[in-house]
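Participant: I'm passing along query-v8.pdb; it holds PDB, C-alpha atoms, pLDDT in the B column.
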```pdb
ATOM      1  CA  MET A 222       3.279  -7.513  14.561  1.00 46.00           C
ATOM      2  CA  ARG A 223       4.502  -8.037  11.000  1.00 58.00           C
ATOM      3  CA  PRO A 224       3.513 -11.304   9.311  1.00 60.00           C
ATOM      4  CA  GLU A 225       6.157 -13.777   8.119  1.00 70.00           C
ATOM      5  CA  MET A 226       6.970 -13.091   4.500  1.00 67.00           C
ATOM      6  CA  PRO A 227       9.252 -14.439   1.788  1.00 72.00           C
ATOM      7  CA  GLN A 228      12.609 -12.693   1.532  1.00 86.00           C
ATOM      8  CA  PHE A 229      13.051 -10.725  -1.682  1.00 92.00           C
ATOM      9  CA  GLN A 230      16.174  -9.066  -3.047  1.00 91.00           C
ATOM     10  CA  PRO A 231      15.595  -5.582  -4.471  1.00 92.00           C
ATOM     11  CA  LYS A 232      17.057  -4.862  -7.920  1.00 93.00           C
ATOM     12  CA  ASP A 233      17.717  -1.239  -6.939  1.00 94.00           C
ATOM     13  CA  PRO A 234      19.909  -0.628  -3.876  1.00 95.00           C
ATOM     14  CA  ALA A 235      18.227   2.786  -3.472  1.00 96.00           C
ATOM     15  CA  TYR A 236      14.705   1.294  -3.652  1.00 97.00           C
ATOM     16  CA  ALA A 237      13.514   2.819  -0.345  1.00 97.00           C
ATOM     17  CA  GLU A 238      14.433   6.383  -1.301  1.00 97.00           C
ATOM     18  CA  ARG A 239      12.909   5.922  -4.774  1.00 96.00           C
ATOM     19  CA  VAL A 240       9.650   4.511  -3.352  1.00 97.00           C
ATOM     20  CA  ARG A 241       9.381   7.281  -0.741  1.00 98.00           C
ATOM     21  CA  ALA A 242      10.007   9.933  -3.422  1.00 96.00           C
ATOM     22  CA  SER A 243       7.256   8.408  -5.557  1.00 96.00           C
ATOM     23  CA  PHE A 244       4.843   8.344  -2.613  1.00 97.00           C
ATOM     24  CA  ASN A 245       5.561  12.043  -2.033  1.00 96.00           C
ATOM     25  CA  LEU A 246       4.343  12.737  -5.596  1.00 95.00           C
ATOM     26  CA  GLN A 247       0.925  11.252  -4.790  1.00 94.00           C
ATOM     27  CA  GLN A 248      -1.332  14.217  -4.100  1.00 95.00           C
ATOM     28  CA  ALA A 249      -4.201  11.843  -3.258  1.00 96.00           C
ATOM     29  CA  MET A 250      -2.223  10.410  -0.316  1.00 97.00           C
ATOM     30  CA  HIS A 251      -1.469  13.930   0.924  1.00 96.00           C
ATOM     31  CA  LEU A 252      -5.149  14.839   0.570  1.00 96.00           C
ATOM     32  CA  ILE A 253      -6.293  12.061   2.902  1.00 97.00           C
ATOM     33  CA  GLY A 254      -3.356  12.414   5.332  1.00 97.00           C
ATOM     34  CA  ALA A 255      -1.726   9.022   4.640  1.00 98.00           C
ATOM     35  CA  GLU A 256       1.866   8.240   5.602  1.00 98.00           C
ATOM     36  CA  LEU A 257       4.216   5.672   4.073  1.00 98.00           C
ATOM     37  CA  ALA A 258       5.470   4.288   7.388  1.00 98.00           C
ATOM     38  CA  VAL A 259       7.371   1.123   6.381  1.00 98.00           C
ATOM     39  CA  VAL A 260       9.351   0.349   3.218  1.00 98.00           C
ATOM     40  CA  GLU A 261      11.100  -3.029   2.989  1.00 97.00           C
ATOM     41  CA  PRO A 262      11.820  -5.346   0.045  1.00 97.00           C
ATOM     42  CA  GLY A 263       8.430  -6.652  -1.088  1.00 97.00           C
ATOM     43  CA  TYR A 264       6.534  -4.999   1.796  1.00 97.00           C
ATOM     44  CA  THR A 265       5.169  -1.569   2.713  1.00 98.00           C
ATOM     45  CA  GLU A 266       2.772  -0.104   5.231  1.00 98.00           C
ATOM     46  CA  ILE A 267       0.604   2.966   4.856  1.00 98.00           C
ATOM     47  CA  HIS A 268      -0.851   4.484   8.020  1.00 98.00           C
ATOM     48  CA  LEU A 269      -3.907   6.719   7.987  1.00 98.00           C
ATOM     49  CA  PRO A 270      -5.332   8.559  11.002  1.00 98.00           C
ATOM     50  CA  LYS A 271      -9.099   8.948  11.159  1.00 97.00           C
ATOM     51  CA  ARG A 272     -10.244  12.481  10.423  1.00 94.00           C
ATOM     52  CA  PRO A 273     -13.588  13.984   9.402  1.00 90.00           C
ATOM     53  CA  GLY A 274     -12.621  14.370   5.721  1.00 93.00           C
ATOM     54  CA  VAL A 275     -12.266  10.603   5.167  1.00 96.00           C
ATOM     55  CA  THR A 276     -15.417   9.285   6.864  1.00 94.00           C
ATOM     56  CA  GLN A 277     -18.770   8.209   5.463  1.00 94.00           C
ATOM     57  CA  GLN A 278     -22.305   8.723   6.831  1.00 95.00           C
ATOM     58  CA  HIS A 279     -21.948   6.177   9.672  1.00 96.00           C
ATOM     59  CA  GLY A 280     -18.655   7.636  10.902  1.00 94.00           C
ATOM     60  CA  PHE A 281     -16.488   4.817   9.524  1.00 96.00           C
ATOM     61  CA  ILE A 282     -13.555   5.539   7.232  1.00 97.00           C
ATOM     62  CA  HIS A 283     -14.971   5.410   3.706  1.00 97.00           C
ATOM     63  CA  GLY A 284     -14.492   2.205   1.695  1.00 97.00           C
ATOM     64  CA  GLY A 285     -13.046   4.212  -1.185  1.00 97.00           C
ATOM     65  CA  VAL A 286     -10.341   5.545   1.125  1.00 98.00           C
ATOM     66  CA  VAL A 287      -9.684   1.994   2.364  1.00 98.00           C
ATOM     67  CA  GLY A 288      -9.229   0.997  -1.286  1.00 98.00           C
ATOM     68  CA  MET A 289      -6.867   3.919  -1.912  1.00 98.00           C
ATOM     69  CA  ILE A 290      -4.447   2.943   0.828  1.00 98.00           C
ATOM     70  CA  ALA A 291      -4.661  -0.785   0.007  1.00 98.00           C
ATOM     71  CA  ASP A 292      -3.900  -0.057  -3.666  1.00 98.00           C
ATOM     72  CA  SER A 293      -0.964   2.185  -2.818  1.00 98.00           C
ATOM     73  CA  ALA A 294       0.504  -0.080  -0.123  1.00 98.00           C
ATOM     74  CA  ALA A 295       0.507  -3.116  -2.424  1.00 98.00           C
ATOM     75  CA  GLY A 296       1.666  -1.085  -5.429  1.00 98.00           C
ATOM     76  CA  TYR A 297       4.596   0.332  -3.520  1.00 98.00           C
ATOM     77  CA  ALA A 298       5.468  -3.133  -2.207  1.00 98.00           C
ATOM     78  CA  ALA A 299       5.795  -4.138  -5.883  1.00 98.00           C
ATOM     79  CA  ASN A 300       7.825  -1.029  -6.649  1.00 97.00           C
ATOM     80  CA  THR A 301      10.418  -1.998  -4.024  1.00 97.00           C
ATOM     81  CA  LEU A 302      11.412  -4.930  -6.262  1.00 97.00           C
ATOM     82  CA  THR A 303      11.612  -3.146  -9.622  1.00 97.00           C
ATOM     83  CA  PRO A 304      14.770  -1.754 -11.244  1.00 95.00           C
ATOM     84  CA  ALA A 305      15.572   1.930 -10.725  1.00 94.00           C
ATOM     85  CA  ASP A 306      14.289   2.924 -14.184  1.00 93.00           C
ATOM     86  CA  THR A 307      10.924   1.209 -13.724  1.00 94.00           C
ATOM     87  CA  SER A 308       7.653   2.633 -12.443  1.00 93.00           C
ATOM     88  CA  VAL A 309       4.498   0.694 -11.619  1.00 96.00           C
ATOM     89  CA  LEU A 310       0.827   0.983 -12.468  1.00 96.00           C
ATOM     90  CA  THR A 311      -2.160  -0.948 -11.131  1.00 97.00           C
ATOM     91  CA  VAL A 312      -3.748  -3.179 -13.777  1.00 97.00           C
ATOM     92  CA  GLU A 313      -6.524  -4.553 -11.571  1.00 97.00           C
ATOM     93  CA  TYR A 314      -7.510  -5.308  -8.027  1.00 97.00           C
ATOM     94  CA  LYS A 315     -10.221  -7.139  -6.162  1.00 98.00           C
ATOM     95  CA  MET A 316     -11.046  -6.018  -2.675  1.00 98.00           C
ATOM     96  CA  ASN A 317     -13.319  -7.492  -0.041  1.00 98.00           C
ATOM     97  CA  LEU A 318     -14.490  -5.178   2.722  1.00 98.00           C
ATOM     98  CA  VAL A 319     -14.855  -7.661   5.580  1.00 98.00           C
ATOM     99  CA  ALA A 320     -15.659  -5.264   8.468  1.00 98.00           C
ATOM    100  CA  PRO A 321     -16.363  -1.554   8.883  1.00 97.00           C
ATOM    101  CA  ALA A 322     -13.221   0.609   8.934  1.00 98.00           C
ATOM    102  CA  ASP A 323     -14.089   1.692  12.470  1.00 97.00           C
ATOM    103  CA  GLY A 324     -10.869   2.746  14.153  1.00 96.00           C
ATOM    104  CA  ASP A 325      -8.796   5.703  15.232  1.00 97.00           C
ATOM    105  CA  ARG A 326      -6.376   4.803  12.448  1.00 98.00           C
ATOM    106  CA  LEU A 327      -5.936   2.358   9.598  1.00 98.00           C
ATOM    107  CA  VAL A 328      -2.862   0.371   8.631  1.00 98.00           C
ATOM    108  CA  ALA A 329      -2.607  -1.048   5.110  1.00 98.00           C
ATOM    109  CA  ARG A 330       0.020  -3.777   4.777  1.00 98.00           C
ATOM    110  CA  GLY A 331       1.041  -4.388   1.182  1.00 98.00           C
ATOM    111  CA  GLU A 332       3.158  -7.349   0.137  1.00 97.00           C
ATOM    112  CA  VAL A 333       4.393  -9.021  -3.005  1.00 97.00           C
ATOM    113  CA  VAL A 334       2.977 -12.491  -3.617  1.00 97.00           C
ATOM    114  CA  ARG A 335       4.812 -13.184  -6.878  1.00 96.00           C
ATOM    115  CA  PRO A 336       7.288 -10.835  -8.517  1.00 96.00           C
ATOM    116  CA  GLY A 337       7.488 -10.921 -12.286  1.00 94.00           C
ATOM    117  CA  ARG A 338       9.356  -8.938 -14.907  1.00 93.00           C
ATOM    118  CA  THR A 339       6.194  -7.319 -16.308  1.00 96.00           C
ATOM    119  CA  LEU A 340       3.360  -8.379 -13.987  1.00 98.00           C
ATOM    120  CA  ILE A 341       3.653  -8.455 -10.200  1.00 98.00           C
ATOM    121  CA  VAL A 342       0.956 -10.060  -8.045  1.00 98.00           C
ATOM    122  CA  THR A 343       0.438  -8.397  -4.678  1.00 98.00           C
ATOM    123  CA  ARG A 344      -1.969  -8.372  -1.771  1.00 98.00           C
ATOM    124  CA  ALA A 345      -2.903  -5.966   0.982  1.00 98.00           C
ATOM    125  CA  ASP A 346      -4.642  -6.349   4.309  1.00 98.00           C
ATOM    126  CA  VAL A 347      -6.134  -3.254   5.903  1.00 98.00           C
ATOM    127  CA  TYR A 348      -6.681  -3.080   9.645  1.00 98.00           C
ATOM    128  CA  ALA A 349      -8.796  -0.655  11.661  1.00 98.00           C
ATOM    129  CA  ILE A 350      -7.119   0.016  15.001  1.00 98.00           C
ATOM    130  CA  ARG A 351      -8.932   1.223  18.105  1.00 96.00           C
ATOM    131  CA  ASP A 352      -7.411   1.013  21.598  1.00 96.00           C
ATOM    132  CA  GLU A 353      -4.607  -1.108  20.087  1.00 94.00           C
ATOM    133  CA  GLN A 354      -7.148  -3.741  18.971  1.00 97.00           C
ATOM    134  CA  TRP A 355      -6.498  -4.617  15.316  1.00 98.00           C
ATOM    135  CA  THR A 356      -9.560  -5.555  13.265  1.00 98.00           C
ATOM    136  CA  LEU A 357      -9.127  -6.772   9.700  1.00 98.00           C
ATOM    137  CA  CYS A 358     -11.443  -4.615   7.585  1.00 98.00           C
ATOM    138  CA  ALA A 359     -10.303  -5.293   4.005  1.00 98.00           C
ATOM    139  CA  ILE A 360      -8.429  -7.859   1.932  1.00 98.00           C
ATOM    140  CA  MET A 361      -7.187  -6.998  -1.543  1.00 98.00           C
ATOM    141  CA  GLN A 362      -5.418  -8.899  -4.324  1.00 98.00           C
ATOM    142  CA  GLN A 363      -3.830  -6.880  -7.086  1.00 98.00           C
ATOM    143  CA  THR A 364      -1.918  -7.108 -10.347  1.00 98.00           C
ATOM    144  CA  ILE A 365       0.733  -4.474 -11.009  1.00 98.00           C
ATOM    145  CA  MET A 366       2.352  -3.703 -14.355  1.00 98.00           C
ATOM    146  CA  ALA A 367       6.064  -2.871 -14.249  1.00 97.00           C
ATOM    147  CA  MET A 368       6.775  -0.197 -16.843  1.00 95.00           C
ATOM    148  CA  GLN A 369      10.467  -0.415 -17.725  1.00 90.00           C
ATOM    149  CA  GLY A 370      12.032   2.854 -18.797  1.00 83.00           C
ATOM    150  CA  ARG A 371       8.936   4.870 -17.850  1.00 75.00           C
ATOM    151  CA  LYS A 372       9.707   7.736 -15.508  1.00 74.00           C
ATOM    152  CA  GLU A 373       7.263   9.317 -13.118  1.00 76.00           C
ATOM    153  CA  ARG A 374       6.481  12.990 -13.376  1.00 73.00           C
ATOM    154  CA  GLU A 375       8.694  15.410 -11.495  1.00 65.00           C
ATOM    155  CA  ALA A 376       7.531  17.125  -8.296  1.00 55.00           C
TER
END
```
For the file at hand, write its structure as structure tokens.
Facilitator:
Amino acid sequence: MRPEMPQFQPKDPAYAERVRASFNLQQAMHLIGAELAVVEPGYTEIHLPKRPGVTQQHGFIHGGVVGMIADSAAGYAANTLTPADTSVLTVEYKMNLVAPADGDRLVARGEVVRPGRTLIVTRADVYAIRDEQWTLCAIMQQTIMAMQGRKEREA
């Protein structure tokens, strides 16, 4: 169930295609098996199935991997609201790991808190899902820098 969120108007009518194309350039997301499942104005979801390559010594999904998908989900939420010629870059984030990432899959929900022309404040909640029980395992707040006129590398 998606939380209630403010309604944002994207500046780029082709924002979803642009965000998905950018996600496809992220080799790190391919490496861990993450999928950009939802792209809406000011909101994205990244889904990650549990697999042996992303776990730590207790069998939970590694906190670094949790941070990766939280960072990307919130960053891409910001990117949905930028103009077509603008890319984004994380300036900082603070993450609290509030429970072990002990699930068959993770869902990172990224959302824009406050859009700005240069700085965009975002947040992400990451849930571990087992037997359709959702357990909040991480909360992140982030600042994104919008880089006008800066293109991403080509595939």
Participant: Looking at only C-alpha atoms, which of A:Ile365, A:Leu302, A:Ile267, A:Val286 is the one that sits closest to A:Tyr314?
Facilitator: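 Nearest candidate to A:Tyr314 out of A:Ile365, A:Leu302, A:Ile267, A:Val286: A:Ile365.
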Participant: Considering all atoms listed in the file, can you say which of A:Gly337, A:Gly288, A:Pro227, A:Gly263 comes closest to A:Glu313?
Facilitator: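 With all atoms listed in the file as the atom set, the closest residue is A:Gly288.
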Participant: Dump as a PDB file with C-alpha atoms, keeping the file's coordinate frame all residues having an atom at most 7 Å from (2.6, 6.0, 9.4), computed in the file's coordinates with all atoms listed in the file.
Facilitator:
```pdb
ATOM      1  CA  GLU A 256       1.866   8.240   5.602  1.00 98.00           C
ATOM      2  CA  LEU A 257       4.216   5.672   4.073  1.00 98.00           C
ATOM      3  CA  ALA A 258       5.470   4.288   7.388  1.00 98.00           C
ATOM      4  CA  ILE A 267       0.604   2.966   4.856  1.00 98.00           C
ATOM      5  CA  HIS A 268      -0.851   4.484   8.020  1.00 98.00           C
ATOM      6  CA  LEU A 269      -3.907   6.719   7.987  1.00 98.00           C
TER       7      LEU A 269
END
```
Participant: Could you tell me which residues the PyMOL selection byres ((chain A and resi 342) around 9) grabs in this file, written as a PyMOL selection string?
Facilitator: chain A and resi 295+299+332-337+340-341+343-344+362-365
Participant: Between atom CA of A:Cys358 and atom CA of A:His251, what distance in Å does the model show, to one decimal?
Facilitator: 22.1 Å
Participant: Check the smallest atom-to-atom distance from each of A:Ala249, A:Gln278, A:Asp306, A:Thr301 to A:Ala237 using all atoms listed in the file, then report the winner.
Facilitator: A:Thr301
Participant: Could you tell me how far atom CA of A:Asp323 sits from atom CA of A:Ile282, in Å to one decimal place?
Facilitator: 6.5 Å
Participant: Ranking A:Tyr264, A:Trp355, A:Phe281, A:Tyr297 by minimum distance to A:Pro321 and counting all atoms listed in the file, which one comes first?
Facilitator: A:Phe281
Participant: With distances taken over all atoms listed in the file, which residue among A:Arg330, A:Lys232, A:His283, A:Arg239 lies nearest A:Met361?
Facilitator: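 Looking only at the distances to A:Met361, the closest residue turns out to be A:Arg330.
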Participant: What do you get, as a VMD selection string, if you spell out every residue that the PyMOL selection byres ((chain A and resi 255) around 12) selects here?
Facilitator: chain A and resid 244 to 245 247 to 254 256 to 258 266 to 272 275 286 to 287 289 to 291 293 to 294 326 to 329
